[in-house]
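Undergrad: Dropping a structure here in structure tokens format, bear with me for questions.
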Amino acid sequence: MKFKVPEKFKIIEVQPTELRTEGSIFSSPAFGPDGLVAVGSGDKHIYFYRHNPQTQTLEPLTKMKTEGMVESSPAFGPNGLIAVGSADKHFYLYRYDSKTKTLKQVAQKKTENEVFSSPSFGQIGRAHV
């Protein structure tokens, strides 16, 4: 059986790229709008990369600091939201502005325990962990 990709999905082919962080990577990368890629690192940062269609590579955009290792895989939600948990007992929410191609932290919530699980977004756009 041949699998056909629905037209609403866009396939991005990327040349092999070495994404460097200063720590180990335990999380899976998450892919969002405008070719944005997010991945957590053991160096207490979440890294953001953007796909460059001309070179077919991922280019560093920025990194955001947390106080603990980021083993949780990020999740993309509606309206440019990105959620991720950290071993520092916090849940972080970022917003990507596709017009200015910038990221900013919009929320940081304390949790009872370290966050290793990956967040998800519900039907009305709320982040859950």
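Every chain in the structure tokens takes a letter, A first, then B, and so on in the order presented; its residues are numbered from 1, and the ligands are numbered from 1 following the presented order.
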Select from chain A everything DSSP, run on the backbone, classes as strand (DSSP E or B), then give the selection as a PyMOL selection string.
TA: chain A and resi 30-31+36-40+45-52+57-65+75-76+81-86+90-97+102-110+120-121+127-128
Undergrad: Taking into account only C-alpha atoms, which residue in the set A:Thr55, A:Asn79, A:Ser117, A:Gln105 is nearest to Phe26 (chain A)?
TA: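 Of A:Thr55, A:Asn79, A:Ser117, A:Gln105, the one nearest Phe26 (chain A) is A:Ser117, counting only C-alpha atoms.
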Undergrad: Quick one: residues within 10 Å of Thr21 (chain A), only C-alpha atoms counted, chain neighbours fewer than 6 positions away excluded, as a PDB file with C-alpha atoms, in the first residue's frame?
TA:
ATOM      1  CA  VAL A  39      14.699  20.852  21.005  1.00  0.00           C
ATOM      2  CA  GLY A  40      15.577  20.655  24.706  1.00  0.00           C
ATOM      3  CA  SER A  41      19.108  20.108  26.011  1.00  0.00           C
ATOM      4  CA  GLY A  42      20.854  18.899  29.133  1.00  0.00           C
ATOM      5  CA  ASP A  43      22.683  22.230  29.288  1.00  0.00           C
ATOM      6  CA  LYS A  44      19.500  23.873  30.712  1.00  0.00           C
ATOM      7  CA  HIS A  45      18.415  25.484  27.439  1.00  0.00           C
ATOM      8  CA  ILE A  46      15.769  25.004  24.807  1.00  0.00           C
ATOM      9  CA  TYR A  47      17.211  25.595  21.359  1.00  0.00           C
ATOM     10  CA  LYS A  63      18.236  29.532  22.819  1.00  0.00           C
TER      11      LYS A  63
END
Undergrad: Write out as a ChimeraX atom specification which residues come within 7 Å of Asn113 (chain A) when counting only C-alpha atoms, dropping same-chain ones fewer than 2 positions away.
TA: /A:89,111,115
Undergrad: Those same residues, written as a PDB file, in the first residue's frame with all heavy atoms?
TA:
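Dumped to again_14.pdb:
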ATOM      1  N   LYS A  89      11.471  22.036  37.780  1.00  0.00           N
ATOM      2  CA  LYS A  89      10.106  22.064  38.317  1.00  0.00           C
ATOM      3  C   LYS A  89       9.306  23.251  37.782  1.00  0.00           C
ATOM      4  O   LYS A  89       8.515  23.867  38.485  1.00  0.00           O
ATOM      5  CB  LYS A  89      10.091  22.066  39.848  1.00  0.00           C
ATOM      6  CG  LYS A  89      10.729  20.841  40.458  1.00  0.00           C
ATOM      7  CD  LYS A  89      10.614  20.867  41.975  1.00  0.00           C
ATOM      8  CE  LYS A  89      11.269  19.629  42.562  1.00  0.00           C
ATOM      9  NZ  LYS A  89      11.198  19.631  44.023  1.00  0.00           N
ATOM     10  N   THR A 111       5.775  23.756  39.074  1.00  0.00           N
ATOM     11  CA  THR A 111       5.115  22.462  39.220  1.00  0.00           C
ATOM     12  C   THR A 111       5.612  21.815  40.509  1.00  0.00           C
ATOM     13  O   THR A 111       6.599  22.263  41.107  1.00  0.00           O
ATOM     14  CB  THR A 111       5.413  21.541  38.024  1.00  0.00           C
ATOM     15  OG1 THR A 111       6.819  21.299  37.956  1.00  0.00           O
ATOM     16  CG2 THR A 111       4.943  22.157  36.712  1.00  0.00           C
ATOM     17  N   VAL A 115       9.716  18.113  35.438  1.00  0.00           N
ATOM     18  CA  VAL A 115       8.878  17.800  34.284  1.00  0.00           C
ATOM     19  C   VAL A 115       9.730  17.106  33.226  1.00  0.00           C
ATOM     20  O   VAL A 115      10.610  17.715  32.629  1.00  0.00           O
ATOM     21  CB  VAL A 115       8.226  19.075  33.688  1.00  0.00           C
ATOM     22  CG1 VAL A 115       7.349  18.713  32.502  1.00  0.00           C
ATOM     23  CG2 VAL A 115       7.440  19.822  34.745  1.00  0.00           C
TER      24      VAL A 115
END
Undergrad: Residues within 12 Å of Val84 (chain A), please, as a ChimeraX atom specification. Count only C-alpha atoms; anything in the same chain fewer than 6 positions from it doesn't count.
TA: /A:27-30,38-41,44-47,64-66,68-77,90-95,105,107-109,114-121,127-129
Undergrad: Enumerate the residues of chain A with a DSSP assignment of helix (DSSP H, G or I), computed from the backbone, and present them as a VMD selection string.
TA: chain A and resid 33 to 35 78 to 80
Undergrad: Could you dump the residues just selected with C-alpha atoms as a PDB file, in the first residue's frame?
TA:
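selection_13.pdb written:
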ATOM      1  CA  PRO A  33       5.338  26.843  11.571  1.00  0.00           C
ATOM      2  CA  ASP A  34       7.756  28.652   9.244  1.00  0.00           C
ATOM      3  CA  GLY A  35      10.230  25.761   9.459  1.00  0.00           C
ATOM      4  CA  PRO A  78      -1.891  27.475  18.144  1.00  0.00           C
ATOM      5  CA  ASN A  79      -0.929  31.100  17.574  1.00  0.00           C
ATOM      6  CA  GLY A  80       2.815  30.473  17.708  1.00  0.00           C
TER       7      GLY A  80
END
Undergrad: Let me make sure I understand: among A:Ile25, A:Gln123, A:Lys110, A:Val37, which one has the smallest atom-to-atom distance to Glu59 (chain A) if we use only C-alpha atoms?
TA: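 Of A:Ile25, A:Gln123, A:Lys110, A:Val37, the one nearest Glu59 (chain A) is A:Val37, counting only C-alpha atoms.
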Undergrad: Looking at only C-alpha atoms, which of A:Leu36, A:Ala87, A:Ser24, A:Lys104 is the one that sits closest to Pro60 (chain A)?
TA: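 Using only C-alpha atoms, the shortest distance to Pro60 (chain A) belongs to A:Leu36.
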Undergrad: Quote the spacing between CA of Glu67 (chain A) and CA of Phe48 (chain A) in Å to one decimal place.
TA: 17.4 Å
Undergrad: May I ask for the distance between CA of Arg20 (chain A) and CA of Ser98 (chain A), given in Å to one decimal place?
TA: 23.9 Å
Undergrad: Interatomic distance between CA of Leu81 (chain A) and CA of Gln54 (chain A)?
TA: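 Computing it gives 25.9 Å between the two atoms.
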